[in-house]
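Data file: data05.pdb. Format and content: PDB, C-alpha atoms.
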```pdb
MODEL        1
ATOM      1  CA  MET A   1      83.926 128.240 100.354
ATOM      2  CA  LYS A   2      83.366 131.216  98.064
ATOM      3  CA  GLU A   3      82.475 130.701  94.427
ATOM      4  CA  TYR A   4      84.877 132.614  92.155
ATOM      5  CA  SER A   5      84.739 133.483  88.469
ATOM      6  CA  THR A   6      88.348 132.505  87.652
ATOM      7  CA  TYR A   7      90.183 129.428  88.920
ATOM      8  CA  VAL A   8      93.962 129.008  88.518
ATOM      9  CA  PHE A   9      95.144 125.477  89.277
ATOM     10  CA  ASP A  10      98.540 124.009  89.974
ATOM     11  CA  LEU A  11      99.004 120.656  88.182
ATOM     12  CA  ASP A  12     101.175 118.086  90.012
ATOM     13  CA  GLY A  13      99.719 117.199  93.396
ATOM     14  CA  THR A  14      96.603 119.282  92.757
ATOM     15  CA  LEU A  15      94.870 118.057  89.607
ATOM     16  CA  ILE A  16      96.937 114.955  88.918
ATOM     17  CA  ASP A  17      99.039 112.447  90.842
ATOM     18  CA  THR A  18     102.375 112.395  89.005
ATOM     19  CA  ILE A  19     104.724 111.144  91.701
ATOM     20  CA  GLY A  20     105.021 107.601  90.336
ATOM     21  CA  ASP A  21     106.172 108.730  86.896
ATOM     22  CA  LEU A  22     108.428 111.451  88.322
ATOM     23  CA  THR A  23     110.105 108.961  90.653
ATOM     24  CA  ALA A  24     110.583 106.495  87.801
ATOM     25  CA  ALA A  25     112.165 109.168  85.598
ATOM     26  CA  VAL A  26     114.445 110.406  88.374
ATOM     27  CA  ASN A  27     115.637 106.909  89.162
ATOM     28  CA  HIS A  28     116.079 105.969  85.522
ATOM     29  CA  SER A  29     118.493 108.888  85.182
ATOM     30  CA  LEU A  30     120.267 108.255  88.484
ATOM     31  CA  VAL A  31     120.876 104.557  87.823
ATOM     32  CA  LEU A  32     121.877 105.209  84.223
ATOM     33  CA  ASN A  33     124.522 107.605  85.535
ATOM     34  CA  GLY A  34     125.846 105.298  88.247
ATOM     35  CA  MET A  35     123.977 106.651  91.262
ATOM     36  CA  GLU A  36     121.726 105.099  93.888
ATOM     37  CA  PRO A  37     117.984 105.587  93.303
ATOM     38  CA  ARG A  38     115.757 107.753  95.483
ATOM     39  CA  SER A  39     112.621 106.660  97.335
ATOM     40  CA  GLU A  40     109.235 108.020  96.340
ATOM     41  CA  LYS A  41     109.103 109.837  99.679
ATOM     42  CA  GLU A  42     112.380 111.597  98.898
ATOM     43  CA  VAL A  43     111.160 112.629  95.450
ATOM     44  CA  LEU A  44     107.956 113.963  97.016
ATOM     45  CA  GLY A  45     110.071 116.326  99.071
ATOM     46  CA  PHE A  46     112.023 117.490  96.038
ATOM     47  CA  VAL A  47     109.133 118.471  93.723
ATOM     48  CA  GLY A  48     107.553 121.905  93.367
ATOM     49  CA  ASN A  49     110.215 124.114  91.819
ATOM     50  CA  GLY A  50     110.498 122.602  88.354
ATOM     51  CA  VAL A  51     112.294 119.540  87.036
ATOM     52  CA  GLN A  52     115.747 121.120  86.950
ATOM     53  CA  ARG A  53     115.583 121.775  90.693
ATOM     54  CA  LEU A  54     114.083 118.307  91.183
ATOM     55  CA  MET A  55     117.112 116.705  89.535
ATOM     56  CA  GLU A  56     119.562 118.947  91.376
ATOM     57  CA  LEU A  57     118.122 117.751  94.678
ATOM     58  CA  ALA A  58     117.852 114.136  93.541
ATOM     59  CA  ILE A  59     121.533 114.078  92.575
ATOM     60  CA  TYR A  60     123.110 116.194  95.272
ATOM     61  CA  ASN A  61     120.854 116.482  98.326
ATOM     62  CA  GLY A  62     122.467 114.568 101.191
ATOM     63  CA  ARG A  63     125.026 112.902  98.915
ATOM     64  CA  GLY A  64     128.035 114.936  99.997
ATOM     65  CA  ILE A  65     129.299 115.382  96.438
ATOM     66  CA  GLU A  66     130.219 118.555  94.601
ATOM     67  CA  PHE A  67     128.207 119.946  91.717
ATOM     68  CA  ASP A  68     129.567 119.008  88.294
ATOM     69  CA  GLN A  69     127.939 120.839  85.379
ATOM     70  CA  THR A  70     128.831 118.261  82.718
ATOM     71  CA  PHE A  71     127.540 115.378  84.833
ATOM     72  CA  PHE A  72     124.374 117.264  85.744
ATOM     73  CA  ASP A  73     123.619 118.241  82.146
ATOM     74  CA  LYS A  74     123.857 114.596  81.082
ATOM     75  CA  ALA A  75     121.707 113.331  83.965
ATOM     76  CA  PHE A  76     119.118 116.075  83.427
ATOM     77  CA  ALA A  77     118.924 115.299  79.712
ATOM     78  CA  ASP A  78     118.423 111.606  80.513
ATOM     79  CA  PHE A  79     115.612 112.516  82.914
ATOM     80  CA  LYS A  80     113.854 114.722  80.361
ATOM     81  CA  THR A  81     114.115 112.138  77.592
ATOM     82  CA  TYR A  82     112.670 109.388  79.775
ATOM     83  CA  TYR A  83     109.951 111.546  81.338
ATOM     84  CA  THR A  84     108.794 112.904  77.984
ATOM     85  CA  ALA A  85     108.216 109.326  76.834
ATOM     86  CA  HIS A  86     106.743 108.031  80.109
ATOM     87  CA  SER A  87     104.937 110.989  81.697
ATOM     88  CA  MET A  88     101.565 109.227  81.665
ATOM     89  CA  ASP A  89     102.446 105.631  82.524
ATOM     90  CA  LEU A  90     101.164 105.945  86.096
ATOM     91  CA  THR A  91      99.847 109.520  86.182
ATOM     92  CA  ARG A  92      96.123 109.954  86.801
ATOM     93  CA  PRO A  93      93.763 112.737  87.938
ATOM     94  CA  TYR A  94      92.887 112.592  91.604
ATOM     95  CA  GLU A  95      89.479 111.199  92.495
ATOM     96  CA  GLY A  96      86.798 113.812  91.963
ATOM     97  CA  ILE A  97      88.927 116.145  89.831
ATOM     98  CA  ILE A  98      87.313 115.332  86.482
ATOM     99  CA  GLU A  99      83.887 115.993  88.010
ATOM    100  CA  LEU A 100      85.090 119.256  89.585
ATOM    101  CA  ILE A 101      86.518 120.617  86.345
ATOM    102  CA  SER A 102      83.441 119.574  84.383
ATOM    103  CA  GLU A 103      81.132 121.306  86.872
ATOM    104  CA  LEU A 104      83.188 124.506  86.915
ATOM    105  CA  LYS A 105      83.121 124.522  83.112
ATOM    106  CA  SER A 106      79.340 124.076  83.090
ATOM    107  CA  ARG A 107      79.051 127.091  85.403
ATOM    108  CA  GLY A 108      80.973 129.231  82.929
ATOM    109  CA  LYS A 109      84.094 129.656  85.015
ATOM    110  CA  ALA A 110      87.437 130.620  83.461
ATOM    111  CA  MET A 111      90.112 128.046  84.325
ATOM    112  CA  ALA A 112      93.866 127.852  83.885
ATOM    113  CA  VAL A 113      96.692 125.475  84.696
ATOM    114  CA  VAL A 114      99.915 127.068  85.929
ATOM    115  CA  THR A 115     102.845 124.746  86.612
ATOM    116  CA  ASN A 116     106.633 124.637  86.782
ATOM    117  CA  LYS A 117     106.509 121.410  84.769
ATOM    118  CA  MET A 118     108.023 121.412  81.261
ATOM    119  CA  GLN A 119     105.531 122.917  78.785
ATOM    120  CA  GLU A 120     105.653 119.929  76.423
ATOM    121  CA  ALA A 121     104.849 117.423  79.159
ATOM    122  CA  THR A 122     102.217 119.753  80.605
ATOM    123  CA  ASP A 123     100.425 120.127  77.274
ATOM    124  CA  GLY A 124     100.352 116.360  76.738
ATOM    125  CA  ILE A 125      99.016 115.565  80.196
ATOM    126  CA  VAL A 126      96.365 118.303  80.225
ATOM    127  CA  LYS A 127      95.193 117.421  76.722
ATOM    128  CA  SER A 128      95.013 113.724  77.543
ATOM    129  CA  PHE A 129      92.955 114.045  80.710
ATOM    130  CA  PHE A 130      91.037 117.299  80.234
ATOM    131  CA  GLY A 131      90.876 117.916  76.490
ATOM    132  CA  ASP A 132      90.377 121.614  75.725
ATOM    133  CA  THR A 133      88.614 122.384  79.006
ATOM    134  CA  PHE A 134      91.208 124.860  80.277
ATOM    135  CA  ASP A 135      91.325 128.366  78.855
ATOM    136  CA  ALA A 136      95.084 128.730  79.451
ATOM    137  CA  VAL A 137      97.878 126.243  80.155
ATOM    138  CA  VAL A 138     101.154 127.812  81.265
ATOM    139  CA  GLY A 139     104.197 125.598  81.877
ATOM    140  CA  ASP A 140     107.912 126.277  82.157
ATOM    141  CA  ASN A 141     108.758 128.781  79.407
ATOM    142  CA  PRO A 142     111.762 130.968  78.603
ATOM    143  CA  GLY A 143     111.041 134.551  79.589
ATOM    144  CA  LEU A 144     108.660 133.655  82.413
ATOM    145  CA  ARG A 145     110.000 133.263  85.920
ATOM    146  CA  ARG A 146     108.913 130.024  87.546
ATOM    147  CA  LYS A 147     106.580 129.905  90.503
ATOM    148  CA  PRO A 148     106.566 131.247  93.193
ATOM    149  CA  ALA A 149     107.150 134.376  91.082
ATOM    150  CA  PRO A 150     103.807 135.762  89.836
ATOM    151  CA  ASP A 151     104.761 135.762  86.139
ATOM    152  CA  MET A 152     103.005 132.514  85.177
ATOM    153  CA  VAL A 153      99.782 133.481  86.923
ATOM    154  CA  ASP A 154      99.871 136.918  85.304
ATOM    155  CA  GLU A 155     100.402 135.298  81.900
ATOM    156  CA  ALA A 156      97.496 132.896  82.418
ATOM    157  CA  LEU A 157      95.173 135.744  83.385
ATOM    158  CA  ARG A 158      96.347 137.746  80.361
ATOM    159  CA  ARG A 159      95.599 134.852  78.001
ATOM    160  CA  MET A 160      92.133 134.426  79.480
ATOM    161  CA  GLY A 161      91.395 138.138  79.419
ATOM    162  CA  ARG A 162      90.704 138.054  83.145
ATOM    163  CA  THR A 163      91.802 140.194  86.091
ATOM    164  CA  LYS A 164      92.782 139.207  89.623
ATOM    165  CA  GLU A 165      89.441 140.406  90.900
ATOM    166  CA  ASP A 166      87.324 137.403  91.862
ATOM    167  CA  ALA A 167      90.129 134.949  90.955
ATOM    168  CA  VAL A 168      91.543 132.213  93.194
ATOM    169  CA  TYR A 169      94.672 130.071  93.110
ATOM    170  CA  ILE A 170      94.493 126.370  94.035
ATOM    171  CA  GLY A 171      97.546 124.258  94.868
ATOM    172  CA  ASP A 172      99.047 121.690  97.187
ATOM    173  CA  SER A 173     102.457 123.000  98.245
ATOM    174  CA  GLU A 174     104.403 125.782  99.908
ATOM    175  CA  VAL A 175     105.421 126.941  96.424
ATOM    176  CA  ASP A 176     101.753 127.302  95.512
ATOM    177  CA  PHE A 177     100.921 129.224  98.667
ATOM    178  CA  ALA A 178     103.823 131.605  97.972
ATOM    179  CA  THR A 179     102.754 131.915  94.327
ATOM    180  CA  ALA A 180      99.245 132.937  95.325
ATOM    181  CA  LYS A 181     100.588 135.435  97.841
ATOM    182  CA  ASN A 182     103.031 136.927  95.330
ATOM    183  CA  SER A 183     100.234 137.145  92.750
ATOM    184  CA  GLY A 184      97.827 138.873  95.087
ATOM    185  CA  LEU A 185      95.321 136.018  94.970
ATOM    186  CA  PRO A 186      93.607 134.057  97.729
ATOM    187  CA  CYS A 187      94.858 130.468  97.991
ATOM    188  CA  ILE A 188      92.972 127.230  98.517
ATOM    189  CA  SER A 189      95.381 124.506  99.671
ATOM    190  CA  VAL A 190      94.357 120.941  98.818
ATOM    191  CA  LEU A 191      95.132 118.128 101.245
ATOM    192  CA  TRP A 192      95.291 115.196  98.815
ATOM    193  CA  GLY A 193      98.588 116.279  97.234
ATOM    194  CA  PHE A 194     102.291 116.223  98.037
ATOM    195  CA  ARG A 195     102.298 118.127 101.370
ATOM    196  CA  THR A 196     100.631 117.612 104.744
ATOM    197  CA  ARG A 197      98.271 120.053 106.432
ATOM    198  CA  ALA A 198     100.750 120.547 109.292
ATOM    199  CA  PHE A 199     103.490 121.484 106.868
ATOM    200  CA  LEU A 200     101.249 123.859 104.920
ATOM    201  CA  GLU A 201     100.093 125.524 108.122
ATOM    202  CA  SER A 202     103.744 126.010 109.091
ATOM    203  CA  VAL A 203     104.254 128.189 105.994
ATOM    204  CA  GLY A 204     101.101 130.219 106.580
ATOM    205  CA  ALA A 205      98.364 128.440 104.620
ATOM    206  CA  ASP A 206      94.974 128.767 106.276
ATOM    207  CA  CYS A 207      92.300 127.703 103.765
ATOM    208  CA  PHE A 208      92.076 123.957 103.116
ATOM    209  CA  VAL A 209      89.906 121.448 101.273
ATOM    210  CA  GLU A 210      89.932 117.686 101.779
ATOM    211  CA  ASN A 211      88.147 116.751  98.569
ATOM    212  CA  PRO A 212      87.605 118.494  95.218
ATOM    213  CA  SER A 213      83.862 118.975  95.628
ATOM    214  CA  GLU A 214      84.484 121.468  98.443
ATOM    215  CA  ILE A 215      85.981 123.881  95.908
ATOM    216  CA  LEU A 216      82.584 124.272  94.269
ATOM    217  CA  GLY A 217      81.319 126.314  97.197
TER     218      GLY A 217
ENDMDL
END
```

Go through the file and emit its structure as structure tokens.
Amino acid sequence: MKEYSTYVFDLDGTLIDTIGDLTAAVNHSLVLNGMEPRSEKEVLGFVGNGVQRLMELAIYNGRGIEFDQTFFDKAFADFKTYYTAHSMDLTRPYEGIIELISELKSRGKAMAVVTNKMQEATDGIVKSFFGDTFDAVVGDNPGLRRKPAPDMVDEALRRMGRTKEDAVYIGDSEVDFATAKNSGLPCISVLWGFRTRAFLESVGADCFVENPSEILG
């Protein structure tokens, strides 16, 4: 594995395991609004394109019901309220991630987090587990298209004063692979996250790591 000068990381499924808290928030909203809860496996399949899309799929995917804007707005608001208060109940960094980030920092690497997660929740989680280690933290913001558009990666590089030369993108999903491709960056796909190797290979991913230490080169 090559050693780069700039590392851009996805958050959920890459640096931290958030599926327990996301599932709890989804099901809190669903039950509160009179719907059947989803399994953790179902929620795993819904994540990757931001929490609005997550809730759209959680409410409507396979249910056979029509979209209702008023109902959705209420359910989405309930999700956001609950998740903001409970985003770190079960969430933890994956094994070896703290050591990886610390080592990259000691080597003078520039590092960013780029995620479709709400900016407020992103800031709280990154601050709690990583302090001020990252040079840029870009979450869901008005004016920036969500991944897999390249906007968030471009913004992170701008904030760090870095170019795409000798930069790499690291993520766990098909959205991350597409983001790297759209941004003109090589992609390292991690195998401890929310997608399987077979699935990632089916979308074109071809560079994999099974544990964080492999990223060090």

Handout entry: Separation of CA of Lys109 in chain A from CA of Val47 in chain A in Å
Key = 28.8 Å

Problem - Pairwise distance for CA of Val113 in chain A and CA of Val153 in chain A, rounded to one decimal in Å - result: 8.9 Å

Problem - Counting only C-alpha atoms, the option among A:Ile125, A:Cys187, A:Val137, A:Ala178 closest to Leu90 in chain A - result: A:Ile125

What are the closest atom pairs, with distances in Å to one decimal, for all residues of range 15-63 of chain A lying within 10 Å of range 162-176 of chain A? Consider only C-alpha atoms, order rows by chain and residue number, and present the result as JSON lines.
```
{"residue": "A:Leu15", "atom": "CA", "partner": "A:Gly171", "partner_atom": "CA", "distance": 8.6}
{"residue": "A:Val47", "atom": "CA", "partner": "A:Ser173", "partner_atom": "CA", "distance": 9.2}
{"residue": "A:Gly48", "atom": "CA", "partner": "A:Val175", "partner_atom": "CA", "distance": 6.3}
{"residue": "A:Asn49", "atom": "CA", "partner": "A:Val175", "partner_atom": "CA", "distance": 7.2}
```

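For the structure in this document, the set picked by the PyMOL selection byres ((chain A and resi 24) around 10) is Ile19, Gly20, Asp21, Leu22, Thr23, Ala25, Val26, Asn27, His28, Ser29, Leu30, Pro37, Arg38, Ser39, Glu40, Val43, Phe79, Tyr82, Tyr83, His86, Ser87, Asp89 and Leu90 of chain A.
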
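Closest to Ala85 in chain A among A:Arg195, A:Ala121, A:Phe130, A:Ser183 is A:Ala121, based on all atoms listed in the file.
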
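CA of Asp17 in chain A sits 7.5 Å away from CA of Gly193 in chain A.
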
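Each of A:Asn61, A:Glu36, A:Lys41, A:Val190 was checked against Gly13 in chain A using all atoms listed in the file; the smallest atom-to-atom distance is that of A:Val190.
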
Exercise for the section: Would you list the contacts of range 140-149 of chain A as number ranges by chain, taking every protein, DNA or RNA residue within 6 Å and counting only C-alpha atoms, but skipping same-chain residues closer than 6 positions in sequence? Expected result: A: 116-119, 175, 178-179

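Distances here use only C-alpha atoms; by that measure, the residue among A:Val8, A:Val114, A:Ile98, A:Ala75 closest to Pro186 in chain A is A:Val8.
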
Completion exercise
Across A:Leu44, A:Asp10, A:Phe71, A:Lys105, the smallest distance to Met152 in chain A, with all atoms listed in the file counted, is shown by A:Asp10
